[in-house]
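K.L.:
Have a peek at my_file21.pdb (PDB, C-alpha atoms).
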ATOM      1  CA  MET S   1      45.937 -15.154 -31.205
ATOM      2  CA  GLY S   2      46.340 -12.236 -33.616
ATOM      3  CA  GLY S   3      43.431 -13.583 -35.671
ATOM      4  CA  ILE S   4      41.067 -13.657 -32.611
ATOM      5  CA  VAL S   5      41.949 -10.085 -31.646
ATOM      6  CA  ALA S   6      41.438  -9.002 -35.244
ATOM      7  CA  ALA S   7      37.964 -10.632 -35.199
ATOM      8  CA  ILE S   8      36.915  -9.034 -31.837
ATOM      9  CA  LYS S   9      37.858  -5.448 -32.740
ATOM     10  CA  PRO S  10      35.284  -5.047 -35.551
ATOM     11  CA  ALA S  11      32.562  -6.494 -33.285
ATOM     12  CA  LYS S  12      33.386  -4.014 -30.516
ATOM     13  CA  LYS S  13      33.395  -1.196 -33.010
ATOM     14  CA  ALA S  14      29.982  -2.208 -34.347
ATOM     15  CA  LEU S  15      28.530  -2.222 -30.807
ATOM     16  CA  GLY S  16      30.097   1.142 -30.028
ATOM     17  CA  LEU S  17      32.200  -0.348 -27.207
ATOM     18  CA  GLY S  18      35.585   0.821 -28.336
ATOM     19  CA  GLY S  19      37.849   1.077 -31.311
ATOM     20  CA  SER S  20      39.441   4.029 -32.973
ATOM     21  CA  THR S  21      36.249   5.716 -34.127
ATOM     22  CA  GLY S  22      35.762   8.894 -32.115
ATOM     23  CA  GLY S  23      31.986   8.953 -32.461
ATOM     24  CA  ALA S  24      31.328   5.566 -30.775
ATOM     25  CA  VAL S  25      28.770   5.615 -27.900
ATOM     26  CA  LYS S  26      29.639   3.845 -24.656
ATOM     27  CA  ILE S  27      26.982   2.061 -22.528
ATOM     28  CA  PRO S  28      26.600   4.122 -19.326
ATOM     29  CA  LYS S  29      27.421   2.583 -15.967
ATOM     30  CA  VAL S  30      24.539   1.641 -13.678
ATOM     31  CA  ASP S  31      24.005   4.013 -10.744
ATOM     32  CA  ILE S  32      23.007   1.612  -7.931
ATOM     33  CA  ALA S  33      21.727   4.330  -5.608
ATOM     34  CA  ALA S  34      19.640   5.962  -8.301
ATOM     35  CA  THR S  35      18.311   2.610  -9.473
ATOM     36  CA  THR S  36      17.315   1.637  -5.910
ATOM     37  CA  LYS S  37      15.549   4.945  -5.398
ATOM     38  CA  THR S  38      13.666   4.522  -8.656
ATOM     39  CA  LEU S  39      12.714   0.962  -7.752
ATOM     40  CA  LYS S  40      11.335   2.051  -4.383
ATOM     41  CA  GLY S  41       9.379   4.818  -6.076
ATOM     42  CA  ASP S  42       7.931   2.370  -8.608
ATOM     43  CA  ILE S  43       6.942  -0.070  -5.866
ATOM     44  CA  ALA S  44       5.238   2.681  -3.870
ATOM     45  CA  ALA S  45       3.423   3.909  -6.993
ATOM     46  CA  GLY S  46       2.295   0.394  -7.860
ATOM     47  CA  GLN S  47       0.972  -0.161  -4.336
ATOM     48  CA  GLU S  48      -0.921   3.115  -4.462
ATOM     49  CA  ILE S  49      -2.410   2.505  -7.902
ATOM     50  CA  PHE S  50      -3.111  -1.231  -7.813
ATOM     51  CA  GLY S  51      -2.929  -2.152  -4.117
ATOM     52  CA  GLY S  52      -6.266  -0.659  -3.089
ATOM     53  CA  ASP S  53      -7.881  -4.080  -2.842
ATOM     54  CA  PHE S  54      -5.244  -5.026  -0.285
ATOM     55  CA  ALA S  55      -5.318  -1.899   1.898
ATOM     56  CA  GLU S  56      -5.011  -2.398   5.661
ATOM     57  CA  GLY S  57      -8.196  -4.098   6.864
ATOM     58  CA  LYS S  58      -9.646  -4.415   3.347
ATOM     59  CA  LEU S  59      -9.968  -8.206   3.554
ATOM     60  CA  GLY S  60     -11.883  -7.970   6.814
ATOM     61  CA  ARG S  61     -11.180  -8.789  10.442
ATOM     62  CA  LEU S  62     -12.874 -10.783  13.199
ATOM     63  CA  GLN S  63     -13.410  -9.539  16.725
ATOM     64  CA  GLU S  64     -10.580 -10.904  18.829
ATOM     65  CA  GLY S  65     -12.172 -10.581  22.254
ATOM     66  CA  PRO S  66     -15.450 -12.213  23.362
ATOM     67  CA  SER S  67     -18.612 -10.471  22.193
ATOM     68  CA  GLY S  68     -20.946  -8.692  24.561
ATOM     69  CA  ASP S  69     -23.366 -11.628  24.483
ATOM     70  CA  VAL S  70     -20.624 -14.103  25.389
ATOM     71  CA  GLN S  71     -19.429 -11.847  28.201
ATOM     72  CA  ASP S  72     -22.991 -11.686  29.524
ATOM     73  CA  ILE S  73     -23.313 -15.476  29.454
ATOM     74  CA  ILE S  74     -20.021 -15.898  31.299
ATOM     75  CA  ALA S  75     -21.077 -13.319  33.908
ATOM     76  CA  ARG S  76     -24.396 -15.070  34.552
ATOM     77  CA  ARG S  77     -22.716 -18.452  34.854
ATOM     78  CA  LYS S  78     -20.147 -17.042  37.258
ATOM     79  CA  ALA S  79     -23.015 -15.671  39.332
ATOM     80  CA  GLY S  80     -24.236 -19.243  39.741
ATOM     81  CA  LEU S  81     -20.996 -20.218  41.489
ATOM     82  CA  GLY S  82     -22.587 -19.050  44.761
ATOM     83  CA  GLY S  83     -25.425 -21.529  44.427
ATOM     84  CA  LEU S  84     -29.079 -20.542  44.576
ATOM     85  CA  SER S  85     -29.842 -16.932  45.366
ATOM     86  CA  ALA S  86     -31.179 -15.941  48.789
ATOM     87  CA  GLU S  87     -34.624 -15.442  47.254
ATOM     88  CA  GLU S  88     -34.559 -18.895  45.663
ATOM     89  CA  ASN S  89     -33.463 -20.545  48.916
ATOM     90  CA  GLN S  90     -36.206 -18.792  50.854
ATOM     91  CA  ALA S  91     -38.873 -19.682  48.300
ATOM     92  CA  ILE S  92     -37.918 -23.391  48.358
ATOM     93  CA  ARG S  93     -37.752 -23.382  52.142
ATOM     94  CA  GLU S  94     -41.172 -21.722  52.543
ATOM     95  CA  ARG S  95     -42.810 -23.960  49.974
ATOM     96  CA  GLY S  96     -41.512 -27.076  51.716
ATOM     97  CA  SER S  97     -42.454 -25.802  55.169
ATOM     98  CA  GLN S  98     -45.977 -24.870  54.133
ATOM     99  CA  SER S  99     -46.514 -28.271  52.568
ATOM    100  CA  ILE S 100     -45.277 -30.023  55.729
ATOM    101  CA  ASP S 101     -47.429 -27.818  57.963
ATOM    102  CA  ARG S 102     -50.544 -28.657  55.943
ATOM    103  CA  SER S 103     -49.741 -32.335  56.090
ATOM    104  CA  THR S 104     -49.060 -32.157  59.842
ATOM    105  CA  GLN S 105     -52.285 -30.323  60.569
ATOM    106  CA  SER S 106     -54.238 -32.802  58.464
ATOM    107  CA  SER S 107     -52.650 -35.717  60.356
ATOM    108  CA  LEU S 108     -53.439 -34.100  63.719
ATOM    109  CA  ARG S 109     -57.073 -33.570  62.778
ATOM    110  CA  GLN S 110     -57.415 -37.172  61.766
ATOM    111  CA  LEU S 111     -55.701 -38.344  64.945
ATOM    112  CA  ARG S 112     -57.845 -36.203  67.209
ATOM    113  CA  GLY S 113     -60.959 -37.399  65.460
ATOM    114  CA  LEU S 114     -59.883 -40.971  65.990
ATOM    115  CA  GLN S 115     -58.975 -40.279  69.621
ATOM    116  CA  GLY S 116     -62.364 -38.660  70.212
ATOM    117  CA  ALA S 117     -64.107 -41.654  68.676
ATOM    118  CA  THR S 118     -62.147 -44.158  70.739
ATOM    119  CA  GLY S 119     -62.073 -42.116  73.938
ATOM    120  CA  GLN S 120     -58.289 -41.853  74.041
ATOM    121  CA  ARG S 121     -57.329 -39.171  76.552
ATOM    122  CA  GLY S 122     -54.440 -37.901  78.648
ATOM    123  CA  GLY S 123     -50.790 -38.694  78.163
ATOM    124  CA  SER S 124     -51.372 -41.394  75.598
ATOM    125  CA  ALA S 125     -53.265 -39.015  73.345
ATOM    126  CA  LEU S 126     -50.642 -36.270  73.736
ATOM    127  CA  ALA S 127     -47.832 -38.722  72.967
ATOM    128  CA  SER S 128     -49.498 -39.686  69.683
ATOM    129  CA  GLN S 129     -49.939 -36.043  68.721
ATOM    130  CA  SER S 130     -46.298 -35.323  69.686
ATOM    131  CA  ARG S 131     -45.075 -38.023  67.348
ATOM    132  CA  ILE S 132     -46.883 -36.366  64.449
ATOM    133  CA  LEU S 133     -45.384 -32.965  65.345
ATOM    134  CA  GLN S 134     -41.907 -34.498  65.607
ATOM    135  CA  ALA S 135     -42.353 -36.120  62.199
ATOM    136  CA  GLY S 136     -43.223 -32.702  60.826
ATOM    137  CA  GLN S 137     -40.054 -31.181  62.299
ATOM    138  CA  GLY S 138     -38.017 -34.038  60.855
ATOM    139  CA  ALA S 139     -39.520 -33.403  57.445
ATOM    140  CA  LYS S 140     -38.546 -29.723  57.701
ATOM    141  CA  ALA S 141     -34.985 -30.762  58.563
ATOM    142  CA  ASN S 142     -34.992 -32.923  55.432
ATOM    143  CA  VAL S 143     -36.035 -29.876  53.394
ATOM    144  CA  GLU S 144     -32.966 -28.009  54.674
ATOM    145  CA  ARG S 145     -30.761 -30.992  53.904
ATOM    146  CA  ASP S 146     -32.141 -31.329  50.375
ATOM    147  CA  LEU S 147     -31.771 -27.582  49.872
ATOM    148  CA  ALA S 148     -28.090 -27.738  50.847
ATOM    149  CA  ILE S 149     -27.529 -30.622  48.412
ATOM    150  CA  GLN S 150     -29.314 -28.701  45.673
ATOM    151  CA  ASN S 151     -27.030 -25.703  46.275
ATOM    152  CA  VAL S 152     -23.965 -27.919  45.939
ATOM    153  CA  ASP S 153     -25.278 -29.301  42.658
ATOM    154  CA  VAL S 154     -26.051 -25.808  41.359
ATOM    155  CA  LYS S 155     -22.533 -24.637  42.235
ATOM    156  CA  ARG S 156     -20.969 -27.660  40.532
ATOM    157  CA  GLN S 157     -23.030 -27.185  37.377
ATOM    158  CA  ALA S 158     -22.318 -23.443  37.331
ATOM    159  CA  LEU S 159     -18.585 -24.087  37.660
ATOM    160  CA  GLY S 160     -18.605 -26.517  34.751
ATOM    161  CA  ALA S 161     -20.716 -24.180  32.607
ATOM    162  CA  ALA S 162     -18.553 -21.145  33.407
ATOM    163  CA  GLU S 163     -15.357 -23.070  32.730
ATOM    164  CA  GLY S 164     -16.713 -24.306  29.398
ATOM    165  CA  SER S 165     -17.810 -20.817  28.377
ATOM    166  CA  ILE S 166     -14.481 -19.254  29.343
ATOM    167  CA  LEU S 167     -12.413 -21.914  27.581
ATOM    168  CA  GLY S 168     -14.633 -21.675  24.512
ATOM    169  CA  ALA S 169     -14.296 -17.889  24.429
ATOM    170  CA  GLU S 170     -10.519 -18.121  24.797
ATOM    171  CA  ALA S 171     -10.278 -20.694  21.999
ATOM    172  CA  GLN S 172     -12.448 -18.533  19.731
ATOM    173  CA  THR S 173     -10.308 -15.492  20.524
ATOM    174  CA  ARG S 174      -7.122 -17.366  19.575
ATOM    175  CA  GLU S 175      -8.728 -18.611  16.359
ATOM    176  CA  ASN S 176      -9.871 -15.088  15.463
ATOM    177  CA  GLU S 177      -6.416 -13.686  16.208
ATOM    178  CA  LEU S 178      -4.805 -16.222  13.866
ATOM    179  CA  PHE S 179      -7.392 -15.435  11.187
ATOM    180  CA  ASN S 180      -6.657 -11.720  11.486
ATOM    181  CA  ILE S 181      -2.913 -12.365  11.231
ATOM    182  CA  ARG S 182      -3.478 -14.368   8.049
ATOM    183  CA  GLN S 183      -5.672 -11.603   6.633
ATOM    184  CA  LYS S 184      -3.039  -8.999   7.441
ATOM    185  CA  ASN S 185      -0.328 -11.107   5.781
ATOM    186  CA  LYS S 186      -2.506 -11.556   2.680
ATOM    187  CA  GLU S 187      -2.971  -7.795   2.447
ATOM    188  CA  ALA S 188       0.749  -7.145   2.851
ATOM    189  CA  THR S 189       1.565  -9.771   0.219
ATOM    190  CA  GLY S 190      -1.035  -8.325  -2.142
ATOM    191  CA  ARG S 191       0.359  -4.811  -1.791
ATOM    192  CA  GLN S 192       3.909  -6.079  -2.247
ATOM    193  CA  THR S 193       2.959  -8.069  -5.330
ATOM    194  CA  ALA S 194       1.162  -5.078  -6.830
ATOM    195  CA  GLY S 195       4.170  -2.843  -6.200
ATOM    196  CA  LEU S 196       6.736  -5.302  -7.538
ATOM    197  CA  SER S 197       4.665  -6.080 -10.629
ATOM    198  CA  PHE S 198       4.343  -2.398 -11.441
ATOM    199  CA  ALA S 199       8.049  -1.851 -10.784
ATOM    200  CA  GLN S 200       8.909  -4.721 -13.109
ATOM    201  CA  LEU S 201       6.741  -3.273 -15.874
ATOM    202  CA  ALA S 202       8.263   0.182 -15.385
ATOM    203  CA  ALA S 203      11.801  -1.226 -15.431
ATOM    204  CA  THR S 204      11.061  -3.214 -18.575
ATOM    205  CA  GLU S 205       9.675  -0.115 -20.282
ATOM    206  CA  ARG S 206      12.690   2.005 -19.307
ATOM    207  CA  GLY S 207      15.042  -0.750 -20.365
ATOM    208  CA  SER S 208      13.346  -0.995 -23.722
ATOM    209  CA  GLN S 209      13.545   2.765 -24.250
ATOM    210  CA  ARG S 210      17.185   2.831 -23.187
ATOM    211  CA  GLY S 211      18.010  -0.033 -25.532
ATOM    212  CA  VAL S 212      16.384   1.791 -28.450
ATOM    213  CA  GLY S 213      18.300   4.967 -27.586
ATOM    214  CA  ILE S 214      21.638   3.142 -27.389
ATOM    215  CA  ALA S 215      20.999   1.320 -30.657
ATOM    216  CA  GLN S 216      20.106   4.559 -32.393
ATOM    217  CA  ALA S 217      23.174   6.321 -30.978
ATOM    218  CA  ASN S 218      25.452   3.451 -31.985
ATOM    219  CA  ALA S 219      23.957   3.403 -35.469
ATOM    220  CA  ALA S 220      24.489   7.145 -35.793
ATOM    221  CA  ALA S 221      28.086   6.802 -34.524
ATOM    222  CA  ALA S 222      28.788   3.924 -36.872
ATOM    223  CA  GLY S 223      27.385   5.916 -39.801
ATOM    224  CA  GLY S 224      29.494   8.949 -38.896
ATOM    225  CA  GLY S 225      32.632   6.837 -38.769
ATOM    226  CA  LYS S 226      32.237   5.760 -42.358
ATOM    227  CA  LYS S 227      32.506   9.300 -43.749
TER     228      LYS S 227
END
What does the file become when written as structure tokens?
P.N.:
Amino acid sequence: MGGIVAAIKPAKKALGLGGSTGGAVKIPKVDIAATTKTLKGDIAAGQEIFGGDFAEGKLGRLQEGPSGDVQDIIARRKAGLGGLSAEENQAIRERGSQSIDRSTQSSLRQLRGLQGATGQRGGSALASQSRILQAGQGAKANVERDLAIQNVDVKRQALGAAEGSILGAEAQTRENELFNIRQKNKEATGRQTAGLSFAQLAATERGSQRGVGIAQANAAAAGGGKK
């Protein structure tokens, strides 16, 4: 045991960690608070100097809500939920009625010509003409029926189109939101990496300078002890 102690003492003296020499330099204790403050300062400096490429929003963002064009499309498709407009209904109704009236009048002219040629008169002739007029009224009723069916179809198609547009816009919004979150995380990581890298370089440089200073002080102390 005495031999081990005798071997350790010279080593400690050479490193300036103890011994009887009064000029030996001791390694200073680490100040945690000061070191933490310095580290934070280095990180902030590194982010400011090298983190410009990762500034907030630097990597770009996507619009999270639907664009004006998409909103316009959705609005127009919602408008179709009421079916055809009043103007469209009236136009279809008038077009059908006019066509039926022309056909009815043409049929009546033909009938009356035939009746005049054959000498058909009285109630029999009026009954034939009445049947043509009734057929015309029935055709107009069919126009109204077909128009109602067309409105139902328009409403159904508009509902499906509006639903598809809304769901598509919502899905795109969610996708854009996730993309923006990823971009924001990349920027934060980039700034953090820049700050930590700079802090590591600064700490290495200070450590190197401190090591040189301690070695020089120890060498000077060791040299003074020999006199």
K.L.:
Once the PyMOL selection byres ((chain S and resi 28-45) around 12) is applied to the coordinates I shared, what remains selected? I want it as a VMD selection string.
P.N.:
chain S and resid 16 to 17 25 to 27 46 to 52 191 to 204 206 to 207 210 to 211 213 to 214
K.L.:
Just give me the gap between CA of Lys58 in chain S and CA of Val70 in chain S in Å, one decimal is fine.
P.N.:
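Calculated distance between CA of Lys58 in chain S and CA of Val70 in chain S is 26.5 Å.
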K.L.:
Can you pull out every residue within 9 Å of Gly82 in chain S, counting only C-alpha atoms, but drop anything in the same chain fewer than 5 positions away, and send it as a PyMOL selection string?
P.N.:
chain S and resi 151+154-155+158
K.L.:
Return as a count of residues only the set of residues that the PyMOL selection byres ((chain S and resi 132-149) around 8) yields on the displayed structure.
P.N.:
18
K.L.:
Output the residue selection produced by the PyMOL selection byres ((chain S and resi 162) around 9) on the file above, formatted as a list in words.
P.N.:
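Selected by the PyMOL selection byres ((chain S and resi 162) around 9) in this file: Ile73, Ile74, Ala75, Arg76, Arg77, Lys78, Gly80, Leu81, Gln157, Ala158, Leu159, Gly160, Ala161, Glu163, Gly164, Ser165, Ile166 and Leu167 of chain S.
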K.L.:
In Å, rounded to a single decimal, give me how far CA of Glu56 in chain S is from CA of Asn176 in chain S.
P.N.:
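For CA of Asn176 in chain S relative to CA of Glu56 in chain S, the distance reads 16.8 Å.
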K.L.:
Have a look at S:Ala169, S:Ala117, S:Ala215, S:Ile181 and name the one nearest to Asp72 in chain S; count only C-alpha atoms.
P.N.:
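Closest to Asp72 in chain S, using only C-alpha atoms: S:Ala169.
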K.L.:
Just give me the gap between CA of Thr189 in chain S and CA of Gly60 in chain S in Å, one decimal is fine.
P.N.:
15.1 Å
K.L.:
List as a JSON list (two decimals) with C-alpha atoms, keeping the file's coordinate frame the protein and nucleic acid residues near Ala55 in chain S, meaning an atom at most 9 Å away when only C-alpha atoms are counted, but skip any in the same chain fewer than 6 places from it.
P.N.:
[["chain", "number", "residue", "atom", "x", "y", "z"],
["S", 187, "GLU", "CA", -2.97, -7.80, 2.45],
["S", 188, "ALA", "CA", 0.75, -7.14, 2.85],
["S", 190, "GLY", "CA", -1.03, -8.32, -2.14],
["S", 191, "ARG", "CA", 0.36, -4.81, -1.79]]
